[in-house]
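Structure file upload13.cif with mmCIF, C-alpha atoms:
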data_model
loop_
_atom_site.group_PDB
_atom_site.id
_atom_site.type_symbol
_atom_site.label_atom_id
_atom_site.label_comp_id
_atom_site.auth_asym_id
_atom_site.auth_seq_id
_atom_site.Cartn_x
_atom_site.Cartn_y
_atom_site.Cartn_z
ATOM 1 C CA MET A 10 2.967 21.605 -5.755
ATOM 2 C CA LYS A 11 6.283 22.052 -3.988
ATOM 3 C CA ASN A 12 4.732 21.071 -0.664
ATOM 4 C CA ASN A 13 3.480 17.817 -2.167
ATOM 5 C CA GLY A 14 6.966 17.028 -3.501
ATOM 6 C CA THR A 15 8.603 17.628 -0.131
ATOM 7 C CA GLN A 16 6.023 15.421 1.573
ATOM 8 C CA LYS A 17 6.782 12.631 -0.894
ATOM 9 C CA LYS A 18 10.509 13.001 -0.231
ATOM 10 C CA LYS A 19 9.934 12.919 3.529
ATOM 11 C CA LYS A 20 7.700 9.883 3.179
ATOM 12 C CA LEU A 21 10.185 8.019 0.980
ATOM 13 C CA ARG A 22 12.990 8.886 3.411
ATOM 14 C CA ALA A 23 10.909 7.548 6.299
ATOM 15 C CA TYR A 24 10.204 4.340 4.371
ATOM 16 C CA GLY A 25 13.931 4.009 3.686
ATOM 17 C CA VAL A 26 14.621 4.252 7.423
ATOM 18 C CA THR A 27 11.965 1.589 7.998
ATOM 19 C CA LEU A 28 13.603 -0.719 5.482
ATOM 20 C CA PHE A 29 17.023 -0.140 7.077
ATOM 21 C CA CYS A 30 15.653 -0.912 10.554
ATOM 22 C CA LEU A 31 13.960 -4.079 9.266
ATOM 23 C CA ILE A 32 17.212 -5.306 7.756
ATOM 24 C CA LEU A 33 19.050 -4.673 11.029
ATOM 25 C CA PHE A 34 16.210 -6.385 12.922
ATOM 26 C CA ILE A 35 16.611 -9.499 10.749
ATOM 27 C CA ILE A 36 20.400 -9.480 11.241
ATOM 28 C CA TRP A 37 20.106 -9.252 15.040
ATOM 29 C CA LEU A 38 17.337 -11.865 15.065
ATOM 30 C CA THR A 39 19.642 -14.217 13.160
ATOM 31 C CA SER A 40 22.430 -13.498 15.626
ATOM 32 C CA LEU A 41 20.073 -14.135 18.538
ATOM 33 C CA CYS A 42 18.997 -17.512 17.155
ATOM 34 C CA HIS A 43 22.606 -18.442 16.401
ATOM 35 C CA ASP A 44 23.782 -17.551 19.902
ATOM 36 C CA ALA A 45 20.855 -19.346 21.524
ATOM 37 C CA LEU A 46 21.377 -22.530 19.530
ATOM 38 C CA LEU A 47 25.111 -22.598 20.266
ATOM 39 C CA LYS A 48 24.362 -22.118 23.973
ATOM 40 C CA TYR A 49 26.331 -18.929 24.464
ATOM 41 C CA THR A 50 26.252 -17.238 27.845
ATOM 42 C CA TRP A 51 23.166 -15.353 28.966
ATOM 43 C CA ASP A 52 24.876 -11.968 28.717
ATOM 44 C CA LYS A 53 25.447 -12.428 24.968
ATOM 45 C CA ILE A 54 21.853 -13.591 24.476
ATOM 46 C CA ILE A 55 20.472 -10.667 26.503
ATOM 47 C CA GLN A 56 22.574 -8.270 24.433
ATOM 48 C CA ASP A 57 21.093 -9.755 21.245
ATOM 49 C CA VAL A 58 17.578 -9.536 22.682
ATOM 50 C CA ILE A 59 18.096 -5.867 23.522
ATOM 51 C CA TRP A 60 19.402 -4.989 20.054
ATOM 52 C CA THR A 61 16.644 -7.006 18.382
ATOM 53 C CA GLY A 62 14.077 -5.198 20.512
ATOM 54 C CA ILE A 63 15.579 -1.787 19.733
ATOM 55 C CA PHE A 64 15.507 -2.349 15.993
ATOM 56 C CA GLY A 65 12.051 -3.945 16.160
ATOM 57 C CA ILE A 66 10.667 -0.926 17.996
ATOM 58 C CA ALA A 67 12.513 1.442 15.653
ATOM 59 C CA SER A 68 11.014 -0.281 12.618
ATOM 60 C CA PHE A 69 7.520 -0.070 14.157
ATOM 61 C CA CYS A 70 7.906 3.612 14.977
ATOM 62 C CA SER A 71 9.403 4.627 11.648
ATOM 63 C CA PHE A 72 6.776 2.613 9.773
ATOM 64 C CA TYR A 73 3.868 4.331 11.488
ATOM 65 C CA ASP A 74 5.532 7.740 11.342
ATOM 66 C CA ALA A 75 5.948 7.293 7.601
ATOM 67 C CA LYS A 76 2.279 6.401 7.258
ATOM 68 C CA LYS A 77 1.281 9.596 9.090
ATOM 69 C CA ILE A 78 3.299 11.991 6.905
ATOM 70 C CA GLY A 79 0.971 14.054 4.754
ATOM 71 C CA THR A 80 -2.290 12.730 6.186
ATOM 72 C CA SER A 81 -2.928 15.559 8.636
ATOM 73 C CA GLN A 82 -3.741 18.067 5.910
ATOM 74 C CA ALA A 83 -7.170 16.935 4.751
ATOM 75 C CA ILE A 84 -8.812 19.288 2.260
ATOM 76 C CA ASN A 85 -12.328 18.779 3.512
ATOM 77 C CA ASP A 86 -14.483 16.338 5.439
ATOM 78 C CA GLU A 87 -15.644 14.450 2.328
ATOM 79 C CA ASP A 88 -12.113 13.237 1.638
ATOM 80 C CA ASP A 89 -11.840 12.047 5.214
ATOM 81 C CA GLU A 90 -15.088 10.047 4.938
ATOM 82 C CA ARG A 91 -13.969 8.467 1.686
ATOM 83 C CA ASP A 92 -10.631 7.500 3.224
ATOM 84 C CA LYS A 93 -12.376 5.899 6.184
ATOM 85 C CA PHE A 94 -14.681 3.982 3.842
ATOM 86 C CA ILE A 95 -11.743 2.715 1.780
ATOM 87 C CA GLU A 96 -9.868 1.642 4.911
ATOM 88 C CA MET A 97 -12.947 -0.181 6.147
ATOM 89 C CA LYS A 98 -13.405 -1.980 2.834
ATOM 90 C CA THR A 99 -9.792 -3.021 2.451
ATOM 91 C CA GLY A 100 -9.569 -4.507 5.905
ATOM 92 C CA LYS A 101 -6.668 -2.355 7.027
ATOM 93 C CA THR A 102 -7.569 -2.928 10.646
ATOM 94 C CA MET A 103 -7.428 -6.685 10.199
ATOM 95 C CA PHE A 104 -4.038 -6.369 8.521
ATOM 96 C CA THR A 105 -2.720 -4.345 11.452
ATOM 97 C CA ILE A 106 -4.127 -6.786 14.004
ATOM 98 C CA SER A 107 -2.596 -9.727 12.159
ATOM 99 C CA GLN A 108 0.789 -7.977 12.095
ATOM 100 C CA TYR A 109 0.708 -7.443 15.863
ATOM 101 C CA LEU A 110 -0.505 -10.989 16.483
ATOM 102 C CA ILE A 111 2.158 -12.591 14.280
ATOM 103 C CA PHE A 112 4.912 -10.505 15.881
ATOM 104 C CA SER A 113 3.708 -11.243 19.426
ATOM 105 C CA LEU A 114 3.407 -14.981 18.840
ATOM 106 C CA GLY A 115 6.818 -15.081 17.168
ATOM 107 C CA ALA A 116 8.470 -13.188 20.018
ATOM 108 C CA ILE A 117 6.841 -15.376 22.678
ATOM 109 C CA ALA A 118 7.826 -18.564 20.820
ATOM 110 C CA LEU A 119 11.394 -17.290 20.396
ATOM 111 C CA ILE A 120 11.760 -16.467 24.088
ATOM 112 C CA GLY A 121 10.261 -19.829 25.036
ATOM 113 C CA ALA A 122 12.628 -21.681 22.708
ATOM 114 C CA ILE A 123 15.670 -19.861 24.064
ATOM 115 C CA VAL A 124 14.731 -20.599 27.662
ATOM 116 C CA LEU A 125 13.900 -24.228 26.886
ATOM 117 C CA TYR A 126 17.134 -24.781 24.973
ATOM 118 C CA ASN A 127 19.382 -23.167 27.589
ATOM 119 C CA ARG A 128 17.955 -25.215 30.443
ATOM 120 C CA GLY A 129 20.099 -28.111 29.313
ATOM 121 C CA THR A 130 17.368 -30.732 29.374
ATOM 122 C CA SER A 131 17.002 -33.487 26.820
ATOM 123 C CA ASN A 132 14.321 -31.432 25.072
ATOM 124 C CA ASP A 133 16.620 -30.025 22.374
ATOM 125 C CA PHE A 134 14.440 -31.251 19.507
ATOM 126 C CA GLY A 135 11.362 -29.551 20.931
ATOM 127 C CA SER A 136 13.225 -26.284 21.351
ATOM 128 C CA MET A 137 14.528 -26.511 17.769
ATOM 129 C CA ILE A 138 10.964 -26.918 16.481
ATOM 130 C CA LEU A 139 9.792 -24.000 18.619
ATOM 131 C CA MET A 140 12.711 -21.892 17.348
ATOM 132 C CA SER A 141 11.792 -22.758 13.744
ATOM 133 C CA ILE A 142 8.194 -21.734 14.341
ATOM 134 C CA ALA A 143 9.296 -18.474 15.959
ATOM 135 C CA VAL A 144 11.682 -17.583 13.157
ATOM 136 C CA THR A 145 9.036 -18.454 10.561
ATOM 137 C CA LEU A 146 6.486 -16.182 12.242
ATOM 138 C CA LEU A 147 8.952 -13.314 12.510
ATOM 139 C CA VAL A 148 9.996 -13.713 8.875
ATOM 140 C CA ILE A 149 6.315 -13.637 7.852
ATOM 141 C CA TRP A 150 5.912 -10.429 9.872
ATOM 142 C CA ASN A 151 8.903 -8.904 8.079
ATOM 143 C CA LEU A 152 7.589 -10.015 4.698
ATOM 144 C CA LEU A 153 4.215 -8.381 5.385
ATOM 145 C CA ILE A 154 5.899 -5.074 6.124
ATOM 146 C CA LEU A 155 8.211 -5.405 3.110
ATOM 147 C CA ILE A 156 5.270 -6.150 0.809
ATOM 148 C CA TRP A 157 3.453 -3.125 2.170
ATOM 149 C CA LEU A 158 6.577 -1.007 1.580
ATOM 150 C CA LEU A 159 6.960 -2.288 -1.987
ATOM 151 C CA ILE A 160 3.340 -1.502 -2.777
ATOM 152 C CA THR A 161 3.773 1.963 -1.305
ATOM 153 C CA PHE A 162 6.946 2.591 -3.345
ATOM 154 C CA ILE A 163 5.180 1.425 -6.510
ATOM 155 C CA ASN A 164 2.218 3.713 -5.821
ATOM 156 C CA TYR A 165 4.503 6.711 -5.230
ATOM 157 C CA ARG A 166 6.441 5.916 -8.356
ATOM 158 C CA ARG A 167 3.231 5.964 -10.414
ATOM 159 C CA ASP A 168 2.235 9.387 -9.044
#

When written as structure tokens, how does the structure in this file appear?
Amino acid sequence: MKNNGTQKKKKLRAYGVTLFCLILFIIWLTSLCHDALLKYTWDKIIQDVIWTGIFGIASFCSFYDAKKIGTSQAINDEDDERDKFIEMKTGKTMFTISQYLIFSLGAIALIGAIVLYNRGTSNDFGSMILMSIAVTLLVIWNLLILIWLLITFINYRRD
């Protein structure tokens, strides 16, 4: 009983770290878009890209570490088969693939928009549209993770 309680605390703490990293990721992403649209120097933009990447990777790692807490202690093989069947039926793999795809497309569009906008051509409107698409994709990615976190918190609260 006590072991189960400590695992829940560890898991909730890990989800809290994930939420914190996501908030910092959104803040640095906003700063990156702001600096790119105001045509700051490349060193400021590269600094924002690095911090955005650090917090994006940290949110990925803490999210998947939190999912792994408590799953290594399966009671028997029947539970493992049932878990695999439930994951197959719920389309967890498709959800994970869509998260990676949305994040990748958003990051590529954001990098493309920054490069296009800083070239100084008369293509500012096209880069603004590309920046809007990139930010929209990255916000959707963040919302997917936040929805998953909320559902997880609700499920732990019910237990």

Check which residues satisfy the PyMOL selection byres ((chain A and resi 46-62) around 9) in the file shown, then give them as a PDB file with C-alpha atoms, keeping the file's coordinate frame.
ATOM      1  CA  LEU A  33      19.050  -4.673  11.029  1.00  0.00           C
ATOM      2  CA  PHE A  34      16.210  -6.385  12.922  1.00  0.00           C
ATOM      3  CA  ILE A  35      16.611  -9.499  10.749  1.00  0.00           C
ATOM      4  CA  ILE A  36      20.400  -9.480  11.241  1.00  0.00           C
ATOM      5  CA  TRP A  37      20.106  -9.252  15.040  1.00  0.00           C
ATOM      6  CA  LEU A  38      17.337 -11.865  15.065  1.00  0.00           C
ATOM      7  CA  SER A  40      22.430 -13.498  15.626  1.00  0.00           C
ATOM      8  CA  LEU A  41      20.073 -14.135  18.538  1.00  0.00           C
ATOM      9  CA  CYS A  42      18.997 -17.512  17.155  1.00  0.00           C
ATOM     10  CA  HIS A  43      22.606 -18.442  16.401  1.00  0.00           C
ATOM     11  CA  ASP A  44      23.782 -17.551  19.902  1.00  0.00           C
ATOM     12  CA  ALA A  45      20.855 -19.346  21.524  1.00  0.00           C
ATOM     13  CA  ILE A  63      15.579  -1.787  19.733  1.00  0.00           C
ATOM     14  CA  PHE A  64      15.507  -2.349  15.993  1.00  0.00           C
ATOM     15  CA  GLY A  65      12.051  -3.945  16.160  1.00  0.00           C
ATOM     16  CA  ILE A  66      10.667  -0.926  17.996  1.00  0.00           C
ATOM     17  CA  ALA A  67      12.513   1.442  15.653  1.00  0.00           C
ATOM     18  CA  ILE A 123      15.670 -19.861  24.064  1.00  0.00           C
ATOM     19  CA  TYR A 126      17.134 -24.781  24.973  1.00  0.00           C
ATOM     20  CA  ASN A 127      19.382 -23.167  27.589  1.00  0.00           C
ATOM     21  CA  MET A 137      14.528 -26.511  17.769  1.00  0.00           C
ATOM     22  CA  MET A 140      12.711 -21.892  17.348  1.00  0.00           C
TER      23      MET A 140
END

For A:Asp74, the nearest of the candidates A:Ala116, A:Ile32, A:Ile106, A:Leu21, counting all atoms listed in the file: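 Smallest distance to A:Asp74 is found for A:Leu21.
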
Could you tell me how far atom CA of A:Ala23 sits from atom CA of A:Ser71, in Å to one decimal place?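 For atom CA of A:Ser71 relative to atom CA of A:Ala23, the distance reads 6.3 Å.
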
Could you pull out every residue with an atom within 7 Å of (3.1, -7.4, 10.3), file coordinates, counting only C-alpha atoms, and send them as a list in words? Thr105, Ser107, Gln108, Tyr109, Ile111, Phe112, Trp150, Asn151, Leu153 and Ile154 of chain A

Go through A:Leu152, A:Ser68, A:Leu119, A:Leu139 and flag the residue nearest A:Thr39, using all atoms listed in the file for the distances. A:Leu119

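The space between atom CA of A:Arg166 and atom CA of A:Leu147 spans 28.5 Å.
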
Which polymer residues have any atom within 10 Å of an atom of stretch 155-158 of chain A, counting all atoms listed in the file, with same-chain residues fewer than 2 positions away left out, as a PDB file with C-alpha atoms, keeping the file's coordinate frame?
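New file around-v4.pdb:
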ATOM      1  CA  LEU A  21      10.185   8.019   0.980  1.00  0.00           C
ATOM      2  CA  TYR A  24      10.204   4.340   4.371  1.00  0.00           C
ATOM      3  CA  GLY A  25      13.931   4.009   3.686  1.00  0.00           C
ATOM      4  CA  THR A  27      11.965   1.589   7.998  1.00  0.00           C
ATOM      5  CA  LEU A  28      13.603  -0.719   5.482  1.00  0.00           C
ATOM      6  CA  LEU A  31      13.960  -4.079   9.266  1.00  0.00           C
ATOM      7  CA  PHE A  72       6.776   2.613   9.773  1.00  0.00           C
ATOM      8  CA  ILE A 149       6.315 -13.637   7.852  1.00  0.00           C
ATOM      9  CA  TRP A 150       5.912 -10.429   9.872  1.00  0.00           C
ATOM     10  CA  ASN A 151       8.903  -8.904   8.079  1.00  0.00           C
ATOM     11  CA  LEU A 152       7.589 -10.015   4.698  1.00  0.00           C
ATOM     12  CA  LEU A 153       4.215  -8.381   5.385  1.00  0.00           C
ATOM     13  CA  ILE A 160       3.340  -1.502  -2.777  1.00  0.00           C
ATOM     14  CA  THR A 161       3.773   1.963  -1.305  1.00  0.00           C
ATOM     15  CA  PHE A 162       6.946   2.591  -3.345  1.00  0.00           C
ATOM     16  CA  ILE A 163       5.180   1.425  -6.510  1.00  0.00           C
ATOM     17  CA  ASN A 164       2.218   3.713  -5.821  1.00  0.00           C
TER      18      ASN A 164
END

Do you have the atom CA of A:Lys18-atom CA of A:Arg167 distance handy?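 Interatomic distance here is 14.4 Å.
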
Residue neighbourhood A:Ile120, 9 Å, all atoms listed in the file, exclusion window fewer than 5 positions, as a list in words: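 In the requested form, the answer reads Gly115, Leu125, Met140 and Ala143 of chain A.
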
For stretch 38-55 of chain A, take all atoms listed in the file, fit an axis-aligned box around them, add 5 Å to each of the six sides, then output centre and edge lengths in Å rounded to one decimal, as AutoDock Vina command-line options.
--center_x 21.8 --center_y -16.6 --center_z 21.1 --size_x 19.0 --size_y 21.9 --size_z 25.8
